[in-house]
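The structure appears below as structure tokens.
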There are 6 protein chains.
Amino acid sequence: MPIVTIKMLEGRTDEQKHQLVKSVTDAVSESVNAPKENISIIIEEMKKEHYAVGGVRKSEV
Amino acid sequence: MPIVTIKMLEGRTDEQKHQLVKSVTDAVSESVNAPKENISIIIEEMKKEHYAVGGVRKSEV
Amino acid sequence: MPIVTIKMLEGRTDEQKHQLVKSVTDAVSESVNAPKENISIIIEEMKKEHYAVGGVRKSEV
Amino acid sequence: MPIVTIKMLEGRTDEQKHQLVKSVTDAVSESVNAPKENISIIIEEMKKEHYAVGGVRKSEV
Amino acid sequence: MPIVTIKMLEGRTDEQKHQLVKSVTDAVSESVNAPKENISIIIEEMKKEHYAVGGVRKSEV
Amino acid sequence: MPIVTIKMLEGRTDEQKHQLVKSVTDAVSESVNAPKENISIIIEEMKKEHYAVGGVRKSEV
């Protein structure tokens, strides 16, 4: 039942996302002893114009 | 004031979304006795590549 | 697979929450033609000190 | 370390978003005494078809 | 209509939260030209055990 | 910069949470080639009364 949301900048390949959900599911399953089929993962990509640290967006760096 | 966020796979028709926000607003309003005008609903669509259950993305099923 | 998050001020009774998840699940299921067992609902309660409209928190109204 | 998420309807200019992250970062930094470099801001834009108040989407108003 | 969510570690005073919602509301209102009464702010506090950077929780630093 | 949010039912031990953030950070870092120090993880616990699948809350099962 854990629901995992991963926010990251866009630009990763489909293969990286494939690996990401696979390995994060394994990590959660083993850590909290949850069956894999109960674990959901949502990837939310952000544009560089929409993410800022210290008041400066990544599109402006 | 309830704020409802609905995450679902993309692909629903505009008519389905119309019905969705209407009926969910009614359901929330009646259940917790809140005026409809105080209820906000946000629909967030996910791509099949970005949603996984059991470590497998919907785009890979 | 729709995942519904409902943020609202704390203070509702357990019976209201029971009714809320039941009727919202029905509303989502019928609107977008999703099996009920695929619909998850998360209730997130907010304290009045932690919710503001127009710059004024509900605890200060 | 504060993580600020701003959900709003799409349509703002890049200049407005530039100003938004800058001034919100300043506001958070001063209010809770956090170094600016520790403050992250995420802008999430919504389509008018995906945001409703009172059961009516902004695309239907 | 902007909805702002601020996640931060618990421990701020009520006065700091008062100032936070006030100044962030002003910052958003001026930056994107939105009436203040349309701006909602949600504060979500995290425990140190529940927030990690670099794989280390703040409770373990 | 990936920000990972993990929602799960309350009840896990501190040791499980320690392991969870450690192994998820490793999994994300390796999958998308991000430095560990750029990865934030937020754990959000849910009460059984506040999480439902199929219209039935976990507190009612």
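By order in the structure tokens, chains are A, B, ...; within a chain, residues start at 1; ligands start at 1, following the order shown.
Overlaying chain A onto chain F with least squares across the full set of in-order Cα pairs produces an RMSD of 0.0 Å.
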Which of chain B DSSP labels helix (DSSP H, G or I), written as a CSV table (one decimal) with all heavy atoms, in the first residue's frame:
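Saved to selection-v3.csv:
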```
chain,number,residue,atom,x,y,z
B,14,ASP,N,-13.5,14.4,-22.0
B,14,ASP,CA,-13.9,15.6,-21.3
B,14,ASP,C,-15.3,15.4,-20.6
B,14,ASP,O,-15.5,15.9,-19.5
B,14,ASP,CB,-14.0,16.7,-22.3
B,14,ASP,CG,-14.0,18.1,-21.7
B,14,ASP,OD1,-12.9,18.5,-21.1
B,14,ASP,OD2,-15.0,18.7,-21.6
B,15,GLU,N,-16.1,14.7,-21.2
B,15,GLU,CA,-17.4,14.4,-20.6
B,15,GLU,C,-17.3,13.6,-19.3
B,15,GLU,O,-18.0,13.9,-18.3
B,15,GLU,CB,-18.4,13.6,-21.6
B,15,GLU,CG,-19.7,13.2,-21.0
B,15,GLU,CD,-20.5,14.4,-20.4
B,15,GLU,OE1,-20.3,15.5,-20.9
B,15,GLU,OE2,-21.3,14.1,-19.5
B,16,GLN,N,-16.4,12.7,-19.3
B,16,GLN,CA,-16.1,11.9,-18.1
B,16,GLN,C,-15.6,12.8,-17.0
B,16,GLN,O,-15.9,12.7,-15.8
B,16,GLN,CB,-15.2,10.7,-18.3
B,16,GLN,CG,-15.8,9.6,-19.1
B,16,GLN,CD,-14.8,8.4,-19.3
B,16,GLN,OE1,-13.8,8.7,-19.9
B,16,GLN,NE2,-15.2,7.2,-19.0
B,17,LYS,N,-14.7,13.7,-17.4
B,17,LYS,CA,-14.1,14.6,-16.4
B,17,LYS,C,-15.2,15.6,-15.8
B,17,LYS,O,-15.2,15.9,-14.6
B,17,LYS,CB,-12.9,15.4,-16.9
B,17,LYS,CG,-11.7,14.5,-17.3
B,17,LYS,CD,-10.7,15.3,-18.0
B,17,LYS,CE,-9.6,14.4,-18.6
B,17,LYS,NZ,-8.6,15.1,-19.5
B,18,HIS,N,-16.0,16.0,-16.7
B,18,HIS,CA,-17.2,16.9,-16.3
B,18,HIS,C,-18.0,16.2,-15.3
B,18,HIS,O,-18.3,16.8,-14.2
B,18,HIS,CB,-18.0,17.2,-17.6
B,18,HIS,CG,-19.3,17.8,-17.2
B,18,HIS,ND1,-19.5,19.2,-17.0
B,18,HIS,CD2,-20.6,17.2,-17.1
B,18,HIS,CE1,-20.8,19.4,-16.7
B,18,HIS,NE2,-21.5,18.2,-16.8
B,19,GLN,N,-18.3,14.9,-15.6
B,19,GLN,CA,-19.2,14.2,-14.6
B,19,GLN,C,-18.4,13.9,-13.3
B,19,GLN,O,-19.0,13.9,-12.2
B,19,GLN,CB,-19.6,12.8,-15.3
B,19,GLN,CG,-20.5,12.0,-14.5
B,19,GLN,CD,-21.8,12.8,-14.2
B,19,GLN,OE1,-22.3,13.5,-15.0
B,19,GLN,NE2,-22.3,12.6,-12.9
B,20,LEU,N,-17.1,13.6,-13.5
B,20,LEU,CA,-16.3,13.3,-12.3
B,20,LEU,C,-16.3,14.4,-11.3
B,20,LEU,O,-16.6,14.2,-10.1
B,20,LEU,CB,-14.9,13.0,-12.7
B,20,LEU,CG,-13.8,12.7,-11.7
B,20,LEU,CD1,-14.2,11.4,-10.9
B,20,LEU,CD2,-12.4,12.6,-12.3
B,21,VAL,N,-16.0,15.7,-11.7
B,21,VAL,CA,-15.9,16.8,-10.7
B,21,VAL,C,-17.3,17.1,-10.2
B,21,VAL,O,-17.4,17.5,-9.0
B,21,VAL,CB,-15.3,18.0,-11.3
B,21,VAL,CG1,-13.9,17.7,-11.9
B,21,VAL,CG2,-16.1,18.6,-12.4
B,22,LYS,N,-18.3,16.9,-11.0
B,22,LYS,CA,-19.7,17.2,-10.5
B,22,LYS,C,-20.1,16.2,-9.4
B,22,LYS,O,-20.5,16.6,-8.3
B,22,LYS,CB,-20.6,17.1,-11.7
B,22,LYS,CG,-22.0,17.6,-11.4
B,22,LYS,CD,-22.8,17.7,-12.7
B,22,LYS,CE,-24.3,18.0,-12.5
B,22,LYS,NZ,-24.9,17.0,-11.6
B,23,SER,N,-19.9,14.9,-9.7
B,23,SER,CA,-20.4,13.9,-8.7
B,23,SER,C,-19.5,13.8,-7.5
B,23,SER,O,-20.0,13.6,-6.4
B,23,SER,CB,-20.5,12.6,-9.4
B,23,SER,OG,-19.3,12.1,-9.9
B,24,VAL,N,-18.2,14.0,-7.7
B,24,VAL,CA,-17.3,14.0,-6.5
B,24,VAL,C,-17.6,15.2,-5.6
B,24,VAL,O,-17.7,15.1,-4.3
B,24,VAL,CB,-15.8,14.0,-6.9
B,24,VAL,CG1,-15.0,14.2,-5.6
B,24,VAL,CG2,-15.5,12.6,-7.5
B,25,THR,N,-17.9,16.4,-6.2
B,25,THR,CA,-18.2,17.5,-5.4
B,25,THR,C,-19.5,17.3,-4.6
B,25,THR,O,-19.6,17.6,-3.4
B,25,THR,CB,-18.4,18.8,-6.3
B,25,THR,OG1,-17.2,19.0,-7.0
B,25,THR,CG2,-18.8,20.0,-5.5
B,26,ASP,N,-20.5,16.7,-5.3
B,26,ASP,CA,-21.8,16.4,-4.6
B,26,ASP,C,-21.5,15.4,-3.4
B,26,ASP,O,-22.0,15.6,-2.3
B,26,ASP,CB,-22.7,15.7,-5.5
B,26,ASP,CG,-23.3,16.7,-6.5
B,26,ASP,OD1,-23.1,17.9,-6.3
B,26,ASP,OD2,-23.9,16.3,-7.5
B,27,ALA,N,-20.7,14.4,-3.7
B,27,ALA,CA,-20.4,13.4,-2.7
B,27,ALA,C,-19.7,14.0,-1.4
B,27,ALA,O,-20.0,13.7,-0.3
B,27,ALA,CB,-19.5,12.2,-3.3
B,28,VAL,N,-18.7,14.8,-1.7
B,28,VAL,CA,-18.0,15.5,-0.6
B,28,VAL,C,-18.9,16.4,0.2
B,28,VAL,O,-19.0,16.4,1.4
B,28,VAL,CB,-16.8,16.2,-1.1
B,28,VAL,CG1,-16.1,17.0,0.1
B,28,VAL,CG2,-15.8,15.3,-1.7
B,29,SER,N,-19.7,17.2,-0.6
B,29,SER,CA,-20.6,18.2,0.1
B,29,SER,C,-21.6,17.5,1.0
B,29,SER,O,-21.8,17.9,2.2
B,29,SER,CB,-21.3,18.9,-1.0
B,29,SER,OG,-22.3,19.8,-0.5
B,30,GLU,N,-22.2,16.4,0.5
B,30,GLU,CA,-23.2,15.7,1.4
B,30,GLU,C,-22.5,15.0,2.6
B,30,GLU,O,-23.1,15.0,3.7
B,30,GLU,CB,-24.0,14.7,0.5
B,30,GLU,CG,-24.9,15.5,-0.5
B,30,GLU,CD,-25.4,14.6,-1.6
B,30,GLU,OE1,-25.4,13.3,-1.4
B,30,GLU,OE2,-25.8,15.1,-2.6
B,31,SER,N,-21.4,14.4,2.3
B,31,SER,CA,-20.8,13.6,3.4
B,31,SER,C,-20.3,14.4,4.6
B,31,SER,O,-20.4,14.0,5.7
B,31,SER,CB,-19.6,12.8,2.8
B,31,SER,OG,-20.0,12.0,1.7
B,32,VAL,N,-19.7,15.5,4.3
B,32,VAL,CA,-19.1,16.3,5.4
B,32,VAL,C,-19.8,17.6,5.6
B,32,VAL,O,-19.3,18.5,6.3
B,32,VAL,CB,-17.6,16.5,5.2
B,32,VAL,CG1,-16.8,15.2,5.0
B,32,VAL,CG2,-17.3,17.4,4.0
B,36,LYS,N,-21.0,23.5,-1.5
B,36,LYS,CA,-20.3,23.1,-2.8
B,36,LYS,C,-19.3,24.1,-3.2
B,36,LYS,O,-18.2,23.8,-3.7
B,36,LYS,CB,-21.3,22.9,-3.9
B,36,LYS,CG,-22.1,21.6,-3.7
B,36,LYS,CD,-23.0,21.4,-5.0
B,36,LYS,CE,-24.0,20.3,-4.8
B,36,LYS,NZ,-24.8,20.1,-6.0
B,37,GLU,N,-19.6,25.4,-3.0
B,37,GLU,CA,-18.7,26.5,-3.5
B,37,GLU,C,-17.4,26.5,-2.7
B,37,GLU,O,-16.4,27.2,-3.2
B,37,GLU,CB,-19.4,27.8,-3.4
B,37,GLU,CG,-19.7,28.3,-2.0
B,37,GLU,CD,-21.2,27.9,-1.7
B,37,GLU,OE1,-21.7,26.9,-2.2
B,37,GLU,OE2,-21.8,28.6,-0.8
B,38,ASN,N,-17.3,25.8,-1.6
B,38,ASN,CA,-16.0,25.7,-0.9
B,38,ASN,C,-15.2,24.5,-1.3
B,38,ASN,O,-14.1,24.3,-0.7
B,38,ASN,CB,-16.4,25.6,0.6
B,38,ASN,CG,-16.9,26.9,1.2
B,38,ASN,OD1,-17.0,27.8,0.5
B,38,ASN,ND2,-17.1,26.9,2.5
B,48,LYS,N,1.1,6.6,-18.8
B,48,LYS,CA,1.3,5.1,-18.5
B,48,LYS,C,2.8,4.9,-18.2
B,48,LYS,O,3.1,3.9,-17.4
B,48,LYS,CB,0.9,4.2,-19.6
B,48,LYS,CG,-0.7,4.2,-19.8
B,48,LYS,CD,-1.0,3.1,-20.8
B,48,LYS,CE,-2.6,2.9,-20.9
B,48,LYS,NZ,-3.0,1.9,-21.9
B,49,GLU,N,3.7,5.6,-18.7
B,49,GLU,CA,5.1,5.5,-18.5
B,49,GLU,C,5.5,5.9,-17.1
B,49,GLU,O,6.6,5.7,-16.6
B,49,GLU,CB,6.0,6.2,-19.4
B,49,GLU,CG,5.7,6.0,-20.9
B,49,GLU,CD,4.8,7.0,-21.5
B,49,GLU,OE1,3.5,6.7,-21.4
B,49,GLU,OE2,5.2,7.9,-22.0
B,50,HIS,N,4.6,6.7,-16.4
B,50,HIS,CA,4.9,7.3,-15.2
B,50,HIS,C,4.1,6.7,-14.0
B,50,HIS,O,4.1,7.3,-12.9
B,50,HIS,CB,4.7,8.8,-15.3
B,50,HIS,CG,5.7,9.5,-16.1
B,50,HIS,ND1,5.5,10.8,-16.6
B,50,HIS,CD2,6.9,9.0,-16.6
B,50,HIS,CE1,6.6,11.1,-17.3
B,50,HIS,NE2,7.4,10.1,-17.3
B,58,LYS,N,2.6,0.8,-16.3
B,58,LYS,CA,1.4,0.5,-17.1
B,58,LYS,C,1.8,0.5,-18.6
B,58,LYS,O,1.1,-0.2,-19.3
B,58,LYS,CB,0.3,1.5,-16.8
B,58,LYS,CG,-0.3,1.5,-15.4
B,58,LYS,CD,-0.8,0.1,-15.1
B,58,LYS,CE,-1.3,0.0,-13.6
B,58,LYS,NZ,-1.6,-1.4,-13.2
B,59,SER,N,2.8,1.2,-18.9
B,59,SER,CA,3.3,1.2,-20.3
B,59,SER,C,4.0,-0.1,-20.7
B,59,SER,O,4.2,-0.4,-21.9
B,59,SER,CB,4.2,2.3,-20.6
B,59,SER,OG,5.3,2.3,-19.7
B,60,GLU,N,4.3,-0.9,-19.7
B,60,GLU,CA,5.0,-2.2,-19.9
B,60,GLU,C,4.2,-3.4,-19.7
B,60,GLU,O,4.7,-4.5,-19.9
B,60,GLU,CB,6.2,-2.2,-19.0
B,60,GLU,CG,7.2,-1.1,-19.1
B,60,GLU,CD,8.4,-1.2,-18.2
B,60,GLU,OE1,8.2,-0.8,-17.0
B,60,GLU,OE2,9.5,-1.6,-18.6
```
Using only C-alpha atoms, determine which residues lie at most 10 Å from Met1 (chain B), disregarding the query and same-chain residues fewer than 4 positions distant; provide the list as a PDB file with N, CA, C and O atoms, in the first residue's frame.
```pdb
ATOM      1  N   ALA B  34     -20.382  20.274   3.663  1.00  0.00           N
ATOM      2  CA  ALA B  34     -19.668  21.476   3.243  1.00  0.00           C
ATOM      3  C   ALA B  34     -20.389  22.086   2.042  1.00  0.00           C
ATOM      4  O   ALA B  34     -20.862  21.357   1.162  1.00  0.00           O
ATOM      5  N   PRO B  35     -20.484  23.408   1.997  1.00  0.00           N
ATOM      6  CA  PRO B  35     -21.088  24.045   0.828  1.00  0.00           C
ATOM      7  C   PRO B  35     -20.276  23.723  -0.433  1.00  0.00           C
ATOM      8  O   PRO B  35     -19.044  23.694  -0.373  1.00  0.00           O
ATOM      9  N   LYS B  36     -20.972  23.466  -1.531  1.00  0.00           N
ATOM     10  CA  LYS B  36     -20.277  23.095  -2.766  1.00  0.00           C
ATOM     11  C   LYS B  36     -19.255  24.140  -3.192  1.00  0.00           C
ATOM     12  O   LYS B  36     -18.197  23.813  -3.717  1.00  0.00           O
ATOM     13  N   GLU B  37     -19.588  25.410  -3.003  1.00  0.00           N
ATOM     14  CA  GLU B  37     -18.681  26.458  -3.498  1.00  0.00           C
ATOM     15  C   GLU B  37     -17.362  26.488  -2.731  1.00  0.00           C
ATOM     16  O   GLU B  37     -16.415  27.159  -3.153  1.00  0.00           O
ATOM     17  N   ASN B  38     -17.292  25.763  -1.634  1.00  0.00           N
ATOM     18  CA  ASN B  38     -16.043  25.692  -0.862  1.00  0.00           C
ATOM     19  C   ASN B  38     -15.169  24.509  -1.273  1.00  0.00           C
ATOM     20  O   ASN B  38     -14.086  24.318  -0.732  1.00  0.00           O
ATOM     21  N   ILE B  39     -15.652  23.714  -2.206  1.00  0.00           N
ATOM     22  CA  ILE B  39     -14.933  22.491  -2.568  1.00  0.00           C
ATOM     23  C   ILE B  39     -14.180  22.682  -3.886  1.00  0.00           C
ATOM     24  O   ILE B  39     -14.769  23.051  -4.899  1.00  0.00           O
ATOM     25  N   SER B  40     -12.887  22.452  -3.840  1.00  0.00           N
ATOM     26  CA  SER B  40     -12.047  22.535  -5.046  1.00  0.00           C
ATOM     27  C   SER B  40     -11.626  21.132  -5.464  1.00  0.00           C
ATOM     28  O   SER B  40     -11.361  20.284  -4.608  1.00  0.00           O
TER      29      SER B  40
ATOM     30  N   LYS C   7      -8.028  16.837   1.268  1.00  0.00           N
ATOM     31  CA  LYS C   7      -7.501  17.646   2.360  1.00  0.00           C
ATOM     32  C   LYS C   7      -8.643  18.463   2.940  1.00  0.00           C
ATOM     33  O   LYS C   7      -9.355  19.158   2.211  1.00  0.00           O
ATOM     34  N   MET C   8      -8.815  18.394   4.230  1.00  0.00           N
ATOM     35  CA  MET C   8      -9.877  19.183   4.862  1.00  0.00           C
ATOM     36  C   MET C   8      -9.511  19.477   6.307  1.00  0.00           C
ATOM     37  O   MET C   8      -8.641  18.830   6.887  1.00  0.00           O
ATOM     38  N   LEU C   9     -10.160  20.466   6.877  1.00  0.00           N
ATOM     39  CA  LEU C   9      -9.915  20.808   8.270  1.00  0.00           C
ATOM     40  C   LEU C   9     -10.299  19.636   9.168  1.00  0.00           C
ATOM     41  O   LEU C   9     -11.268  18.924   8.897  1.00  0.00           O
ATOM     42  N   TYR C  51      -3.947  26.263   7.864  1.00  0.00           N
ATOM     43  CA  TYR C  51      -4.675  26.513   6.616  1.00  0.00           C
ATOM     44  C   TYR C  51      -5.119  27.966   6.566  1.00  0.00           C
ATOM     45  O   TYR C  51      -5.754  28.464   7.509  1.00  0.00           O
ATOM     46  N   VAL C  53      -6.651  31.279   4.013  1.00  0.00           N
ATOM     47  CA  VAL C  53      -7.184  31.836   2.766  1.00  0.00           C
ATOM     48  C   VAL C  53      -7.047  33.352   2.876  1.00  0.00           C
ATOM     49  O   VAL C  53      -7.368  33.943   3.913  1.00  0.00           O
TER      50      VAL C  53
ATOM     51  N   VAL D  53     -14.194  24.466  -9.074  1.00  0.00           N
ATOM     52  CA  VAL D  53     -14.681  24.947  -7.787  1.00  0.00           C
ATOM     53  C   VAL D  53     -16.202  24.838  -7.820  1.00  0.00           C
ATOM     54  O   VAL D  53     -16.832  25.205  -8.819  1.00  0.00           O
TER      55      VAL D  53
ATOM     56  N   SER E  40      -4.893  30.167  -1.355  1.00  0.00           N
ATOM     57  CA  SER E  40      -4.939  29.276  -0.193  1.00  0.00           C
ATOM     58  C   SER E  40      -3.523  28.827   0.151  1.00  0.00           C
ATOM     59  O   SER E  40      -2.715  28.587  -0.743  1.00  0.00           O
TER      60      SER E  40
END
```
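Taking CA of Ala52 (chain A) and CA of Pro2 (chain A) as the two end points, the separation is 27.8 Å.
Running DSSP on the backbone and keeping only strand (DSSP E), the residues of chain E that qualify are E:Ile3, E:Val4, E:Thr5, E:Ile6, E:Lys7, E:Met8, E:Leu9, E:Ser40, E:Ile41, E:Ile42, E:Ile43, E:Glu44, E:Glu45, E:Met46, E:Tyr51, E:Ala52, E:Val53, E:Val56, E:Arg57.
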Keeping only N, CA, C and O atoms, write the selected residues to a file as a PDB file, in the first residue's frame.
```
ATOM      1  N   ILE E   3      -2.947  27.514  -5.075  1.00  0.00           N
ATOM      2  CA  ILE E   3      -2.929  26.741  -3.836  1.00  0.00           C
ATOM      3  C   ILE E   3      -1.466  26.458  -3.510  1.00  0.00           C
ATOM      4  O   ILE E   3      -0.771  25.796  -4.270  1.00  0.00           O
ATOM      5  N   VAL E   4      -1.027  26.972  -2.372  1.00  0.00           N
ATOM      6  CA  VAL E   4       0.384  26.879  -1.994  1.00  0.00           C
ATOM      7  C   VAL E   4       0.533  25.913  -0.828  1.00  0.00           C
ATOM      8  O   VAL E   4      -0.159  26.058   0.178  1.00  0.00           O
ATOM      9  N   THR E   5       1.388  24.921  -0.993  1.00  0.00           N
ATOM     10  CA  THR E   5       1.660  23.983   0.093  1.00  0.00           C
ATOM     11  C   THR E   5       3.103  24.167   0.548  1.00  0.00           C
ATOM     12  O   THR E   5       4.015  24.148  -0.284  1.00  0.00           O
ATOM     13  N   ILE E   6       3.290  24.365   1.827  1.00  0.00           N
ATOM     14  CA  ILE E   6       4.630  24.578   2.370  1.00  0.00           C
ATOM     15  C   ILE E   6       4.961  23.438   3.326  1.00  0.00           C
ATOM     16  O   ILE E   6       4.347  23.306   4.379  1.00  0.00           O
ATOM     17  N   LYS E   7       5.910  22.602   2.929  1.00  0.00           N
ATOM     18  CA  LYS E   7       6.352  21.521   3.798  1.00  0.00           C
ATOM     19  C   LYS E   7       7.623  21.953   4.503  1.00  0.00           C
ATOM     20  O   LYS E   7       8.578  22.393   3.861  1.00  0.00           O
ATOM     21  N   MET E   8       7.632  21.821   5.816  1.00  0.00           N
ATOM     22  CA  MET E   8       8.838  22.204   6.558  1.00  0.00           C
ATOM     23  C   MET E   8       8.891  21.414   7.852  1.00  0.00           C
ATOM     24  O   MET E   8       7.898  20.868   8.309  1.00  0.00           O
ATOM     25  N   LEU E   9      10.073  21.370   8.438  1.00  0.00           N
ATOM     26  CA  LEU E   9      10.234  20.677   9.712  1.00  0.00           C
ATOM     27  C   LEU E   9       9.409  21.356  10.787  1.00  0.00           C
ATOM     28  O   LEU E   9       9.263  22.575  10.796  1.00  0.00           O
ATOM     29  N   SER E  40      -4.893  30.167  -1.355  1.00  0.00           N
ATOM     30  CA  SER E  40      -4.939  29.276  -0.193  1.00  0.00           C
ATOM     31  C   SER E  40      -3.523  28.827   0.151  1.00  0.00           C
ATOM     32  O   SER E  40      -2.715  28.587  -0.743  1.00  0.00           O
ATOM     33  N   ILE E  41      -3.259  28.695   1.426  1.00  0.00           N
ATOM     34  CA  ILE E  41      -1.949  28.203   1.848  1.00  0.00           C
ATOM     35  C   ILE E  41      -2.127  27.085   2.875  1.00  0.00           C
ATOM     36  O   ILE E  41      -2.917  27.205   3.810  1.00  0.00           O
ATOM     37  N   ILE E  42      -1.415  26.008   2.640  1.00  0.00           N
ATOM     38  CA  ILE E  42      -1.437  24.862   3.542  1.00  0.00           C
ATOM     39  C   ILE E  42      -0.024  24.650   4.085  1.00  0.00           C
ATOM     40  O   ILE E  42       0.933  24.567   3.305  1.00  0.00           O
ATOM     41  N   ILE E  43       0.095  24.601   5.395  1.00  0.00           N
ATOM     42  CA  ILE E  43       1.388  24.280   6.014  1.00  0.00           C
ATOM     43  C   ILE E  43       1.377  22.812   6.412  1.00  0.00           C
ATOM     44  O   ILE E  43       0.439  22.348   7.066  1.00  0.00           O
ATOM     45  N   GLU E  44       2.378  22.081   5.980  1.00  0.00           N
ATOM     46  CA  GLU E  44       2.486  20.671   6.372  1.00  0.00           C
ATOM     47  C   GLU E  44       3.808  20.469   7.090  1.00  0.00           C
ATOM     48  O   GLU E  44       4.882  20.589   6.485  1.00  0.00           O
ATOM     49  N   GLU E  45       3.724  20.166   8.376  1.00  0.00           N
ATOM     50  CA  GLU E  45       4.944  19.992   9.157  1.00  0.00           C
ATOM     51  C   GLU E  45       5.441  18.546   9.093  1.00  0.00           C
ATOM     52  O   GLU E  45       4.646  17.608   9.103  1.00  0.00           O
ATOM     53  N   MET E  46       6.733  18.419   9.047  1.00  0.00           N
ATOM     54  CA  MET E  46       7.349  17.093   9.046  1.00  0.00           C
ATOM     55  C   MET E  46       8.142  16.899  10.336  1.00  0.00           C
ATOM     56  O   MET E  46       8.777  17.829  10.828  1.00  0.00           O
ATOM     57  N   TYR E  51      12.050  13.078   7.502  1.00  0.00           N
ATOM     58  CA  TYR E  51      12.641  13.871   6.413  1.00  0.00           C
ATOM     59  C   TYR E  51      14.132  13.568   6.312  1.00  0.00           C
ATOM     60  O   TYR E  51      14.855  13.643   7.304  1.00  0.00           O
ATOM     61  N   ALA E  52      14.542  13.202   5.105  1.00  0.00           N
ATOM     62  CA  ALA E  52      15.938  12.826   4.896  1.00  0.00           C
ATOM     63  C   ALA E  52      16.526  13.517   3.673  1.00  0.00           C
ATOM     64  O   ALA E  52      15.836  13.744   2.682  1.00  0.00           O
ATOM     65  N   VAL E  53      17.785  13.857   3.768  1.00  0.00           N
ATOM     66  CA  VAL E  53      18.543  14.324   2.607  1.00  0.00           C
ATOM     67  C   VAL E  53      19.795  13.463   2.518  1.00  0.00           C
ATOM     68  O   VAL E  53      20.453  13.205   3.531  1.00  0.00           O
ATOM     69  N   VAL E  56      20.021  10.323   4.863  1.00  0.00           N
ATOM     70  CA  VAL E  56      20.132  10.450   6.323  1.00  0.00           C
ATOM     71  C   VAL E  56      19.000  11.334   6.844  1.00  0.00           C
ATOM     72  O   VAL E  56      18.844  12.477   6.391  1.00  0.00           O
ATOM     73  N   ARG E  57      18.256  10.804   7.808  1.00  0.00           N
ATOM     74  CA  ARG E  57      17.157  11.591   8.355  1.00  0.00           C
ATOM     75  C   ARG E  57      17.666  12.689   9.284  1.00  0.00           C
ATOM     76  O   ARG E  57      18.727  12.556   9.882  1.00  0.00           O
TER      77      ARG E  57
END
```
